[in-house]
Protein chains: 2
Amino acid sequence: MAVSAMPLRSPINIAKAWARRPCYGSGRYNPGVSTSLNPERTIAELKELRALTGNADGAQRVAFTDTWATARKWLREKLASLPVEVHQDAGGNLWATLKGKSEKALLIGGHMDSVPDGGWLDGCLNVLAGVEVLRRIASEGTPPVTVRLVDWCDEEGARFGRSLFGSSAFSGSLVADEVRNLTDRAGTKLADAIKPHGIDLDRTLDARSEQKDAAAYLELHIEQGPVLESLRLPMGVVLGTFGVERHQITFTGQAAHSGSTPMAHRRDALGGVSKLHLAIRDIAVTNGGVCTVGKVTTEPGIVTAVVGKADMTLDQRHLDPAALAMMYRQAQEASHRIAGEEKIGVEWKKIWQIQPFPFHPELIEMADRAIQEVCGVSHRLPSGPLHDAAEVCRTGIPTVMLFVQSLYGISHNKIEDTTEEHLAMSVRALDRLASETMKWIASRA
Amino acid sequence: MAVSAMPLRSPINIAKAWARRPCYGSGRYNPGVSTSLNPERTIAELKELRALTGNADGAQRVAFTDTWATARKWLREKLASLPVEVHQDAGGNLWATLKGKSEKALLIGGHMDSVPDGGWLDGCLNVLAGVEVLRRIASEGTPPVTVRLVDWCDEEGARFGRSLFGSSAFSGSLVADEVRNLTDRAGTKLADAIKPHGIDLDRTLDARSEQKDAAAYLELHIEQGPVLESLRLPMGVVLGTFGVERHQITFTGQAAHSGSTPMAHRRDALGGVSKLHLAIRDIAVTNGGVCTVGKVTTEPGIVTAVVGKADMTLDQRHLDPAALAMMYRQAQEASHRIAGEEKIGVEWKKIWQIQPFPFHPELIEMADRAIQEVCGVSHRLPSGPLHDAAEVCRTGIPTVMLFVQSLYGISHNKIEDTTEEHLAMSVRALDRLASETMKWIASRA
């Protein structure tokens, strides 16, 4: 099939196109040679995993726990009947390698770990769809390129607060000394918790060797947001993961009696928060990104006092680094202008920052076609949440993700769900994209 | 001296005049006959009381404590040398009565009790200035009308959260069953804490008998706000105590991931708070009152989630009942308009409400003249904080208050202060007003 005539959009336009109309393909996908692909098996296996590692409160596959180990043992059993070599790398990632005619490798990834009381799809849909694709490819004999399934270790970071643990060991961005003393609620240190699972914190960066011959990375994931559902679309191709600017902003005015202080005499710290909150929402819309104030605290925080000190969090995300920098600068300028208006002080403190990871333009086009062929219609959208794909993308390996619709836009909760029709479509689209990507890798060799 | 030609202003205009230019009198006060008045003695007694009942953290005369009892014993000793009858009423208020030619009585009041770690003036300046005025009047023989000094019981409500305890027993607004089970931090019930101090909760309303023959009530108080200091004025006459509308407002939207939820898909509960906060500040200015958002809470209250539920407090105050009702209605209308704009829900829950108590117009004029005579300049302002004077006013007894400048506008803190020059002026102005009020009472008999 010829490459689509649709021009590549610049990241900023892509982000603005977030909620625009979807792209329609020429028709339904004809599975053709892939007769052995069985998406219903994937759905059955997802349910089997849920019964094995979940309870009434949801999925309980928190990384480095017994339940997580149980899930991985179960995964190894599923892989046992395939002609794949299986091993765990130094970062705790589990690899299943189907040797191809070329050493060049297609990587397909996901994560078996979940948050506590999590959903039945987040992370493991990716892995089990990958298993099914691996089965289909293996059933057809030696593939043209090597195909490797990876179950990343501790994507969620639910226990120690450090997400993307295994994939950042793979990319090399993990700094052992920054995580060594992270503790869980019971006081256990990360370095001690990972040992029983065969991971030595001081050797995690050896996982970088798994990058060898990697030629492309594919990841299917539930959207975990409302966009596809609101557009009534089964699937979308992900343009990249947002860059994030995360800050705490403190406004300082003067606490004063709510009865004895005329309006004109006040230095109301909450005035800074209210005005800046409304300003950052406009800044988000103008720049085509997202900006969120998630938490506000007030001091003294009593009904009878003008607020003397007010803290707010700010989370800004964009796919385009220049637009993200612009949003950050505009928010800072707004905060200083507002502080002047309100005769209050303002201070910024950085919480966290990460650059955007735009995915590979050719893989985006191929993913778009795969979705159109399977679903009849596709859509392009950025990913707000981070994923292991961002760490893979960081290494320069061509990367793309597929999103399948999340019902209610809800994730990290036992009510997380996707229709079985859409789950089956997502397995087919991943399979279709894997075939095309193997051809693409072979053509570039 | 003739009655001032200045017309009485309506309460709403009075409130708007809050921060306007002061009124200048014809000149400095000539103490004339009041040669025995000794304001320096009042200042010395305030320091004596501070040494007796304060510590490095400030005043510790919390009602119903031993320190409070010590302060009252000390006050009784000060009164012992005067020809006054002293008794405690059923509401715990301490009365000192100087019989006059008429049974009609001028009341002068204050409160010895303080907040914990309080200032050296709040409440006790009123009482000790009253003692000095009583001394001066007594030194001149039998006055034309009876003069009564009252030390109200537990004005602050610092221990049990119920302020104006004694004065509301006097007015009859105290409901025993509403306060019976109030407990302090140690778990002691109010009804039990007051017994050792000779107060039987079920008899407190007998204090209403003290209203008999009361013809006017005067109270001097530190301003506890920034108005007089900002205008560089020693004193002002108080127009009345604000009415208060105090509510908790809850906005309910939808918690959502800060990365995966486009701006247009959000139902941001914090949007309700930010917009309403800015709206109520405008409503306050438009109506000449004060409106305060003192506390905001956010749920889930994390940096990565759009706010699903946001609570805010609202405190609205005005001297004019119609204007207060208007501010309340405008805030409600604004909240519903904003909820519509933001596609979120809004609910109101009343915390507390009290009507305004405008003071007596003739006493306001007399107080204004007394201040002009003593200070050369006066000013009219409402009282944001409540005072015992509000409860007296509630009974229909003609009432007025004098404010003396607070440094930094600060009270309820050990740094609370007023210059000694202004303290001396305030004793002289109260004395001057007491003389004029006695004449006024006699002229109405």
# chains A, B, ... in the order shown; residues from 1 in each chain; ligands from 1
>>> select_by_dssp(residues="range 73-262 of chain B", states="strand (DSSP E)", output="ChimeraX atom specification")
/B:85-88,94-98,102-110,145-151,214-222,235-241,243-252,256-257
>>> write_last_selection(atoms="N, CA and C atoms", output="short mmCIF file (atom, residue, chain, number, x, y, z; two decimals), in the first residue's frame")
data_model
loop_
_atom_site.label_atom_id
_atom_site.label_comp_id
_atom_site.auth_asym_id
_atom_site.auth_seq_id
_atom_site.Cartn_x
_atom_site.Cartn_y
_atom_site.Cartn_z
N GLU B 85 -21.53 49.86 94.28
CA GLU B 85 -22.00 48.52 94.67
C GLU B 85 -21.53 47.56 93.59
N VAL B 86 -20.91 46.45 93.99
CA VAL B 86 -20.35 45.50 93.02
C VAL B 86 -21.02 44.13 93.18
N HIS B 87 -21.45 43.55 92.06
CA HIS B 87 -21.98 42.18 92.11
C HIS B 87 -21.82 41.51 90.75
N GLN B 88 -21.88 40.18 90.78
CA GLN B 88 -21.85 39.40 89.53
C GLN B 88 -23.27 38.96 89.23
N LEU B 94 -19.82 41.16 85.65
CA LEU B 94 -19.50 41.87 86.90
C LEU B 94 -19.94 43.32 86.76
N TRP B 95 -20.78 43.79 87.69
CA TRP B 95 -21.34 45.15 87.62
C TRP B 95 -20.83 45.98 88.79
N ALA B 96 -20.48 47.26 88.51
CA ALA B 96 -20.14 48.22 89.56
C ALA B 96 -21.07 49.43 89.37
N THR B 97 -21.91 49.70 90.33
CA THR B 97 -22.97 50.71 90.17
C THR B 97 -22.73 51.91 91.08
N LEU B 98 -22.64 53.08 90.47
CA LEU B 98 -22.53 54.35 91.18
C LEU B 98 -23.91 55.01 91.11
N SER B 102 -30.90 60.06 89.47
CA SER B 102 -31.95 59.31 88.76
C SER B 102 -31.58 57.83 88.71
N GLU B 103 -32.62 56.99 88.68
CA GLU B 103 -32.40 55.54 88.51
C GLU B 103 -31.91 55.24 87.08
N LYS B 104 -32.25 56.11 86.14
CA LYS B 104 -31.83 55.93 84.76
C LYS B 104 -30.32 55.80 84.73
N ALA B 105 -29.86 54.78 83.99
CA ALA B 105 -28.43 54.45 84.11
C ALA B 105 -27.68 54.56 82.80
N LEU B 106 -26.49 55.11 82.91
CA LEU B 106 -25.50 55.06 81.82
C LEU B 106 -24.65 53.82 82.06
N LEU B 107 -24.58 52.95 81.06
CA LEU B 107 -23.73 51.76 81.16
C LEU B 107 -22.43 51.99 80.37
N ILE B 108 -21.31 51.59 80.96
CA ILE B 108 -20.01 51.62 80.28
C ILE B 108 -19.44 50.22 80.39
N GLY B 109 -19.07 49.62 79.25
CA GLY B 109 -18.69 48.21 79.33
C GLY B 109 -17.40 47.83 78.62
N GLY B 110 -16.95 46.63 78.96
CA GLY B 110 -15.76 46.04 78.35
C GLY B 110 -15.65 44.59 78.81
N VAL B 145 -27.35 61.03 86.81
CA VAL B 145 -27.97 59.72 86.54
C VAL B 145 -27.03 58.64 87.10
N THR B 146 -27.54 57.46 87.26
CA THR B 146 -26.75 56.33 87.74
C THR B 146 -25.72 55.93 86.67
N VAL B 147 -24.53 55.56 87.12
CA VAL B 147 -23.49 55.13 86.19
C VAL B 147 -23.06 53.72 86.56
N ARG B 148 -23.06 52.82 85.58
CA ARG B 148 -22.74 51.42 85.86
C ARG B 148 -21.63 50.93 84.92
N LEU B 149 -20.61 50.38 85.53
CA LEU B 149 -19.54 49.76 84.75
C LEU B 149 -19.81 48.27 84.70
N VAL B 150 -19.71 47.67 83.50
CA VAL B 150 -19.91 46.21 83.39
C VAL B 150 -18.70 45.55 82.72
N ASP B 151 -18.23 44.49 83.37
CA ASP B 151 -17.19 43.63 82.79
C ASP B 151 -17.91 42.39 82.27
N ALA B 214 -31.60 50.86 82.19
CA ALA B 214 -30.45 51.18 81.33
C ALA B 214 -30.91 52.16 80.25
N ALA B 215 -30.20 53.28 80.11
CA ALA B 215 -30.66 54.33 79.20
C ALA B 215 -29.67 54.56 78.06
N ALA B 216 -28.44 54.09 78.22
CA ALA B 216 -27.46 54.22 77.14
C ALA B 216 -26.28 53.30 77.47
N TYR B 217 -25.59 52.87 76.42
CA TYR B 217 -24.42 52.01 76.61
C TYR B 217 -23.26 52.54 75.78
N LEU B 218 -22.10 52.70 76.45
CA LEU B 218 -20.89 53.18 75.77
C LEU B 218 -19.80 52.12 75.88
N GLU B 219 -19.06 51.92 74.79
CA GLU B 219 -17.94 50.99 74.86
C GLU B 219 -16.78 51.54 74.02
N LEU B 220 -15.64 51.61 74.67
CA LEU B 220 -14.40 51.99 73.98
C LEU B 220 -13.68 50.69 73.61
N HIS B 221 -13.06 50.64 72.43
CA HIS B 221 -12.35 49.41 72.03
C HIS B 221 -11.23 49.79 71.07
N ILE B 222 -10.16 49.01 71.08
CA ILE B 222 -9.19 49.18 70.01
C ILE B 222 -9.84 48.74 68.70
N MET B 235 -8.67 58.28 66.60
CA MET B 235 -9.92 57.64 67.02
C MET B 235 -11.02 57.75 65.96
N GLY B 236 -12.03 56.91 66.11
CA GLY B 236 -13.20 56.99 65.25
C GLY B 236 -14.44 56.59 66.02
N VAL B 237 -15.61 57.02 65.53
CA VAL B 237 -16.87 56.60 66.14
C VAL B 237 -17.42 55.45 65.31
N VAL B 238 -17.93 54.46 66.02
CA VAL B 238 -18.38 53.23 65.35
C VAL B 238 -19.87 53.34 65.02
N LEU B 239 -20.19 53.06 63.78
CA LEU B 239 -21.55 53.23 63.28
C LEU B 239 -22.45 52.05 63.63
N GLY B 240 -21.85 50.95 63.97
CA GLY B 240 -22.62 49.75 64.28
C GLY B 240 -21.77 48.53 63.98
N THR B 241 -22.31 47.37 64.31
CA THR B 241 -21.57 46.14 63.98
C THR B 241 -22.21 45.53 62.74
N GLY B 243 -23.68 43.09 60.00
CA GLY B 243 -24.36 41.81 59.88
C GLY B 243 -23.47 40.87 59.09
N VAL B 244 -23.64 39.57 59.31
CA VAL B 244 -22.76 38.58 58.69
C VAL B 244 -23.57 37.48 58.02
N GLU B 245 -23.20 37.14 56.80
CA GLU B 245 -23.67 35.92 56.12
C GLU B 245 -22.45 35.04 55.95
N ARG B 246 -22.46 33.86 56.56
CA ARG B 246 -21.29 32.98 56.49
C ARG B 246 -21.73 31.62 55.96
N HIS B 247 -21.12 31.21 54.86
CA HIS B 247 -21.56 29.99 54.17
C HIS B 247 -20.38 29.15 53.70
N GLN B 248 -20.66 27.85 53.52
CA GLN B 248 -19.71 26.99 52.82
C GLN B 248 -20.31 26.66 51.46
N ILE B 249 -19.50 26.80 50.43
CA ILE B 249 -19.97 26.56 49.06
C ILE B 249 -19.14 25.43 48.47
N THR B 250 -19.82 24.44 47.89
CA THR B 250 -19.15 23.29 47.30
C THR B 250 -19.44 23.21 45.81
N PHE B 251 -18.39 23.20 45.02
CA PHE B 251 -18.53 22.99 43.57
C PHE B 251 -18.14 21.54 43.27
N THR B 252 -18.94 20.87 42.44
CA THR B 252 -18.66 19.48 42.08
C THR B 252 -18.53 19.34 40.57
N ALA B 256 -10.20 14.28 36.84
CA ALA B 256 -9.73 13.72 35.57
C ALA B 256 -8.22 13.88 35.49
N HIS B 257 -7.60 13.04 34.68
CA HIS B 257 -6.14 13.05 34.54
C HIS B 257 -5.68 14.37 33.90
#
>>> select_by_dssp(residues="range 157-399 of chain A", states="helix (DSSP H, G or I)", output="number ranges by chain")
A: 165-171, 176-179, 190-197, 201-211, 227-230, 263-265, 269-287, 321-342, 361-375, 388-394
>>> closest_atom_pairs(of="chain A", to="chain B", cutoff="8 Å", atoms="only C-alpha atoms", output="tab-separated table")
residue	atom	partner	partner_atom	distance
A:Trp18	CA	B:Pro262	CA	8.0
A:Ala19	CA	B:Pro262	CA	7.9
A:Glu223	CA	B:Ser260	CA	7.8
A:Gln224	CA	B:Ser260	CA	6.7
A:Gly225	CA	B:Ser260	CA	4.8
A:Pro226	CA	B:Thr261	CA	6.4
A:Val227	CA	B:Thr261	CA	7.3
A:Phe242	CA	B:Gly259	CA	7.7
A:Arg246	CA	B:Val303	CA	8.0
A:Ala256	CA	B:Ile410	CA	7.9
A:His257	CA	B:Gly225	CA	7.2
A:Ser258	CA	B:Thr292	CA	6.0
A:Gly259	CA	B:Gly384	CA	3.5
A:Ser260	CA	B:Gly384	CA	4.3
A:Thr261	CA	B:Gly225	CA	5.8
A:Pro262	CA	B:Val290	CA	6.3
A:Met263	CA	B:Val290	CA	6.1
A:His265	CA	B:Pro226	CA	7.5
A:Leu270	CA	B:Val293	CA	7.9
A:Gly271	CA	B:Leu278	CA	7.2
A:Val273	CA	B:Ser274	CA	7.6
A:Ser274	CA	B:Ser274	CA	4.2
A:Lys275	CA	B:Ser274	CA	7.0
A:His277	CA	B:Ser274	CA	7.0
A:Leu278	CA	B:Ser274	CA	7.1
A:Arg281	CA	B:Met263	CA	7.5
A:Ala284	CA	B:Met263	CA	7.4
A:Val285	CA	B:Met263	CA	6.9
A:Gly289	CA	B:Pro262	CA	7.8
A:Val290	CA	B:Met263	CA	6.1
A:Cys291	CA	B:Ser258	CA	7.4
A:Thr292	CA	B:Ser258	CA	6.0
A:Val293	CA	B:Val306	CA	6.9
A:Gly294	CA	B:Val303	CA	4.7
A:Lys295	CA	B:Gly301	CA	4.4
A:Val296	CA	B:Thr298	CA	6.2
A:Thr297	CA	B:Val296	CA	6.4
A:Thr298	CA	B:Lys295	CA	5.6
A:Glu299	CA	B:Lys295	CA	7.6
A:Pro300	CA	B:Gly294	CA	7.8
A:Gly301	CA	B:Lys295	CA	4.4
A:Ile302	CA	B:Gly294	CA	5.3
A:Val303	CA	B:Gly294	CA	4.7
A:Thr304	CA	B:Gly294	CA	6.4
A:Ala305	CA	B:Gly294	CA	5.4
A:Val306	CA	B:Gly294	CA	5.4
A:Val307	CA	B:Gly294	CA	5.4
A:Thr313	CA	B:Val303	CA	5.7
A:Leu314	CA	B:Val303	CA	6.8
A:Asp315	CA	B:Val303	CA	6.5
A:Arg317	CA	B:Gly259	CA	6.7
A:Ser383	CA	B:Ser260	CA	6.3
A:Gly384	CA	B:Gly259	CA	3.5
A:Pro385	CA	B:Gly259	CA	5.3
A:Ile410	CA	B:Ala256	CA	7.8
>>> residues_around(residues="range 177-179 of chain A", least_positions_apart="5", cutoff="9 Å", atoms="only C-alpha atoms", output="PDB file with all heavy atoms, in the first residue's frame")
ATOM      1  N   PHE A 160       6.904   2.966  45.061  1.00  0.00           N
ATOM      2  CA  PHE A 160       8.024   3.828  45.474  1.00  0.00           C
ATOM      3  C   PHE A 160       7.974   5.228  44.839  1.00  0.00           C
ATOM      4  O   PHE A 160       8.870   6.035  45.061  1.00  0.00           O
ATOM      5  CB  PHE A 160       9.363   3.155  45.147  1.00  0.00           C
ATOM      6  CG  PHE A 160       9.591   1.888  45.945  1.00  0.00           C
ATOM      7  CD1 PHE A 160       9.343   0.640  45.394  1.00  0.00           C
ATOM      8  CD2 PHE A 160      10.013   1.970  47.268  1.00  0.00           C
ATOM      9  CE1 PHE A 160       9.536  -0.519  46.143  1.00  0.00           C
ATOM     10  CE2 PHE A 160      10.215   0.815  48.019  1.00  0.00           C
ATOM     11  CZ  PHE A 160       9.970  -0.430  47.451  1.00  0.00           C
ATOM     12  N   ARG A 162       8.432   6.086  41.765  1.00  0.00           N
ATOM     13  CA  ARG A 162       9.303   6.267  40.605  1.00  0.00           C
ATOM     14  C   ARG A 162       8.732   5.434  39.463  1.00  0.00           C
ATOM     15  O   ARG A 162       8.908   4.208  39.452  1.00  0.00           O
ATOM     16  CB  ARG A 162      10.705   5.809  40.979  1.00  0.00           C
ATOM     17  CG  ARG A 162      11.906   6.041  40.010  1.00  0.00           C
ATOM     18  CD  ARG A 162      11.671   6.636  38.714  1.00  0.00           C
ATOM     19  NE  ARG A 162      12.931   7.083  38.097  1.00  0.00           N
ATOM     20  CZ  ARG A 162      13.105   7.192  36.793  1.00  0.00           C
ATOM     21  NH1 ARG A 162      12.117   6.897  35.955  1.00  0.00           N
ATOM     22  NH2 ARG A 162      14.256   7.613  36.319  1.00  0.00           N
ATOM     23  N   LYS A 189      13.088  -0.099  51.620  1.00  0.00           N
ATOM     24  CA  LYS A 189      13.771   0.670  50.585  1.00  0.00           C
ATOM     25  C   LYS A 189      13.650  -0.013  49.232  1.00  0.00           C
ATOM     26  O   LYS A 189      13.663  -1.250  49.153  1.00  0.00           O
ATOM     27  CB  LYS A 189      15.253   0.826  50.935  1.00  0.00           C
ATOM     28  CG  LYS A 189      15.489   1.811  52.061  1.00  0.00           C
ATOM     29  CD  LYS A 189      16.968   2.051  52.267  1.00  0.00           C
ATOM     30  CE  LYS A 189      17.178   3.061  53.379  1.00  0.00           C
ATOM     31  NZ  LYS A 189      18.588   3.291  53.673  1.00  0.00           N
ATOM     32  N   LEU A 190      13.586   0.803  48.181  1.00  0.00           N
ATOM     33  CA  LEU A 190      13.485   0.269  46.827  1.00  0.00           C
ATOM     34  C   LEU A 190      14.613  -0.724  46.553  1.00  0.00           C
ATOM     35  O   LEU A 190      14.372  -1.827  46.021  1.00  0.00           O
ATOM     36  CB  LEU A 190      13.512   1.415  45.818  1.00  0.00           C
ATOM     37  CG  LEU A 190      13.363   1.017  44.349  1.00  0.00           C
ATOM     38  CD1 LEU A 190      12.454   1.981  43.598  1.00  0.00           C
ATOM     39  CD2 LEU A 190      14.698   0.888  43.623  1.00  0.00           C
ATOM     40  N   ALA A 191      15.835  -0.346  46.932  1.00  0.00           N
ATOM     41  CA  ALA A 191      16.983  -1.212  46.635  1.00  0.00           C
ATOM     42  C   ALA A 191      16.799  -2.603  47.255  1.00  0.00           C
ATOM     43  O   ALA A 191      17.221  -3.609  46.676  1.00  0.00           O
ATOM     44  CB  ALA A 191      18.271  -0.566  47.158  1.00  0.00           C
ATOM     45  N   LEU A 201      20.348  -3.014  42.041  1.00  0.00           N
ATOM     46  CA  LEU A 201      20.193  -1.620  41.631  1.00  0.00           C
ATOM     47  C   LEU A 201      21.455  -1.079  40.955  1.00  0.00           C
ATOM     48  O   LEU A 201      21.372  -0.294  39.996  1.00  0.00           O
ATOM     49  CB  LEU A 201      19.823  -0.747  42.843  1.00  0.00           C
ATOM     50  CG  LEU A 201      19.541   0.728  42.539  1.00  0.00           C
ATOM     51  CD1 LEU A 201      18.389   0.892  41.550  1.00  0.00           C
ATOM     52  CD2 LEU A 201      19.234   1.504  43.819  1.00  0.00           C
ATOM     53  N   ASP A 202      22.616  -1.511  41.433  1.00  0.00           N
ATOM     54  CA  ASP A 202      23.863  -0.968  40.884  1.00  0.00           C
ATOM     55  C   ASP A 202      24.212  -1.549  39.520  1.00  0.00           C
ATOM     56  O   ASP A 202      25.200  -1.136  38.914  1.00  0.00           O
ATOM     57  CB  ASP A 202      25.004  -1.178  41.883  1.00  0.00           C
ATOM     58  CG  ASP A 202      24.817  -0.271  43.101  1.00  0.00           C
ATOM     59  OD1 ASP A 202      24.595   0.937  42.885  1.00  0.00           O
ATOM     60  OD2 ASP A 202      24.833  -0.778  44.235  1.00  0.00           O
TER      61      ASP A 202
END
>>> residues_around(residues="Thr142 in chain B", least_positions_apart="4", cutoff="9 Å", atoms="only C-alpha atoms", output="list in words")
Leu98, Lys99, Gly100, Lys101, Ile137, Ala138 and Thr146 of chain B
>>> write_last_selection(atoms="N, CA, C and O atoms", output="mmCIF file, in the first residue's frame")
data_model
loop_
_atom_site.group_PDB
_atom_site.id
_atom_site.type_symbol
_atom_site.label_atom_id
_atom_site.label_comp_id
_atom_site.auth_asym_id
_atom_site.auth_seq_id
_atom_site.Cartn_x
_atom_site.Cartn_y
_atom_site.Cartn_z
ATOM 1 N N LEU B 98 -22.640 53.076 90.466
ATOM 2 C CA LEU B 98 -22.530 54.352 91.182
ATOM 3 C C LEU B 98 -23.906 55.010 91.107
ATOM 4 O O LEU B 98 -24.333 55.440 90.026
ATOM 5 N N LYS B 99 -24.589 55.023 92.257
ATOM 6 C CA LYS B 99 -25.967 55.528 92.259
ATOM 7 C C LYS B 99 -25.985 57.020 91.913
ATOM 8 O O LYS B 99 -25.167 57.801 92.412
ATOM 9 N N GLY B 100 -26.936 57.416 91.086
ATOM 10 C CA GLY B 100 -27.085 58.824 90.733
ATOM 11 C C GLY B 100 -28.396 59.375 91.250
ATOM 12 O O GLY B 100 -29.163 58.659 91.914
ATOM 13 N N LYS B 101 -28.674 60.640 90.890
ATOM 14 C CA LYS B 101 -29.931 61.243 91.332
ATOM 15 C C LYS B 101 -31.120 60.558 90.674
ATOM 16 O O LYS B 101 -32.202 60.491 91.240
ATOM 17 N N ILE B 137 -16.169 60.717 87.804
ATOM 18 C CA ILE B 137 -17.556 61.108 88.083
ATOM 19 C C ILE B 137 -17.824 61.053 89.592
ATOM 20 O O ILE B 137 -18.419 61.983 90.174
ATOM 21 N N ALA B 138 -17.329 59.968 90.212
ATOM 22 C CA ALA B 138 -17.555 59.819 91.664
ATOM 23 C C ALA B 138 -16.898 60.955 92.436
ATOM 24 O O ALA B 138 -17.414 61.399 93.478
ATOM 25 N N THR B 146 -27.536 57.455 87.258
ATOM 26 C CA THR B 146 -26.748 56.330 87.743
ATOM 27 C C THR B 146 -25.720 55.930 86.674
ATOM 28 O O THR B 146 -26.019 55.997 85.472
#
>>> closest_residue(among="B:Ala51, B:Leu233, B:Ala56, B:Met366", to="Gln405 in chain B", atoms="only C-alpha atoms")
B:Leu233
>>> atom_distance(atom1="CA of His111 in chain B", atom2="CA of Leu164 in chain B")
9.7 Å
>>> atom_distance(atom1="CA of Cys124 in chain B", atom2="CA of Leu46 in chain B")
7.5 Å
>>> residues_around(residues="Thr418 in chain A", least_positions_apart="5", cutoff="7 Å", atoms="only C-alpha atoms", output="list in words")
Gln405, Ser406, Leu407 and Leu423 of chain A
>>> write_last_selection(atoms="N, CA, C and O atoms", output="compact mmCIF listing (two decimals), in the first residue's frame")
# COMPACT_ATOMS: atom_id res chain seq x y z
N GLN A 405 -10.00 2.99 22.86
CA GLN A 405 -10.94 3.76 23.68
C GLN A 405 -11.07 3.24 25.12
O GLN A 405 -11.19 2.03 25.34
N SER A 406 -11.07 4.14 26.08
CA SER A 406 -11.37 3.83 27.48
C SER A 406 -12.80 4.27 27.76
O SER A 406 -13.15 5.42 27.49
N LEU A 407 -13.61 3.40 28.33
CA LEU A 407 -14.96 3.81 28.70
C LEU A 407 -14.87 4.79 29.87
O LEU A 407 -14.08 4.61 30.80
N LEU A 423 -11.49 -4.08 22.13
CA LEU A 423 -10.29 -4.82 22.51
C LEU A 423 -9.83 -5.70 21.35
O LEU A 423 -8.64 -5.76 21.01
>>> residues_around(residues="Asp431 in chain B", least_positions_apart="5", cutoff="10 Å", atoms="only C-alpha atoms", output="CSV table (one decimal) with N, CA and C atoms, in the first residue's frame")
chain,number,residue,atom,x,y,z
B,31,PRO,N,-9.8,70.0,78.9
B,31,PRO,CA,-10.4,69.1,79.9
B,31,PRO,C,-11.4,69.8,80.9
B,34,SER,N,-13.0,68.3,84.3
B,34,SER,CA,-12.6,66.9,84.5
B,34,SER,C,-11.1,66.9,85.0
B,37,LEU,N,-9.6,63.4,86.1
B,37,LEU,CA,-9.4,62.3,85.2
B,37,LEU,C,-7.9,62.1,85.0
B,39,PRO,N,-5.7,59.8,82.7
B,39,PRO,CA,-5.5,58.7,81.7
B,39,PRO,C,-4.2,57.9,81.9
B,129,ALA,N,-10.6,52.0,81.3
B,129,ALA,CA,-11.0,53.4,80.9
B,129,ALA,C,-12.3,53.7,81.6
B,130,GLY,N,-13.2,52.7,81.7
B,130,GLY,CA,-14.4,52.9,82.4
B,130,GLY,C,-14.2,53.1,83.9
B,132,GLU,N,-11.7,54.5,85.2
B,132,GLU,CA,-11.1,55.9,85.4
B,132,GLU,C,-12.3,56.9,85.2
B,133,VAL,N,-13.2,56.7,84.3
B,133,VAL,CA,-14.3,57.6,84.1
B,133,VAL,C,-15.2,57.6,85.4
B,134,LEU,N,-15.4,56.4,85.9
B,134,LEU,CA,-16.2,56.2,87.2
B,134,LEU,C,-15.5,57.0,88.3
B,136,ARG,N,-13.6,59.6,88.1
B,136,ARG,CA,-13.8,61.0,87.9
B,136,ARG,C,-15.2,61.5,88.2
B,137,ILE,N,-16.2,60.7,87.8
B,137,ILE,CA,-17.6,61.1,88.1
B,137,ILE,C,-17.8,61.1,89.6
B,370,ALA,N,-17.3,64.3,70.7
B,370,ALA,CA,-16.3,64.0,71.8
B,370,ALA,C,-15.0,63.7,71.3
B,425,MET,N,-5.8,59.7,74.9
B,425,MET,CA,-6.9,60.4,74.2
B,425,MET,C,-8.2,59.6,74.3
B,426,SER,N,-8.1,58.2,74.2
B,426,SER,CA,-9.3,57.4,74.2
B,426,SER,C,-10.0,57.5,75.5
B,436,GLU,N,-21.5,63.9,78.4
B,436,GLU,CA,-22.6,64.4,77.5
B,436,GLU,C,-23.7,63.4,77.5
B,437,THR,N,-23.4,62.1,77.6
B,437,THR,CA,-24.5,61.1,77.6
B,437,THR,C,-25.3,61.2,78.8
>>> decode(residues="range 421-434 of chain B", atoms="C-alpha atoms", output="PDB file, in the first residue's frame")
ATOM      1  CA  GLU B 421      -0.731  59.151  73.356  1.00  0.00           C
ATOM      2  CA  HIS B 422      -3.734  57.545  71.652  1.00  0.00           C
ATOM      3  CA  LEU B 423      -4.617  55.471  74.702  1.00  0.00           C
ATOM      4  CA  ALA B 424      -4.727  58.654  76.805  1.00  0.00           C
ATOM      5  CA  MET B 425      -6.883  60.357  74.164  1.00  0.00           C
ATOM      6  CA  SER B 426      -9.276  57.416  74.175  1.00  0.00           C
ATOM      7  CA  VAL B 427      -9.800  57.666  77.957  1.00  0.00           C
ATOM      8  CA  ARG B 428     -10.449  61.393  77.639  1.00  0.00           C
ATOM      9  CA  ALA B 429     -12.896  60.911  74.748  1.00  0.00           C
ATOM     10  CA  LEU B 430     -14.814  58.214  76.635  1.00  0.00           C
ATOM     11  CA  ASP B 431     -14.955  60.524  79.662  1.00  0.00           C
ATOM     12  CA  ARG B 432     -16.178  63.432  77.546  1.00  0.00           C
ATOM     13  CA  LEU B 433     -18.808  61.247  75.886  1.00  0.00           C
ATOM     14  CA  ALA B 434     -19.920  59.883  79.289  1.00  0.00           C
TER      15      ALA B 434
END
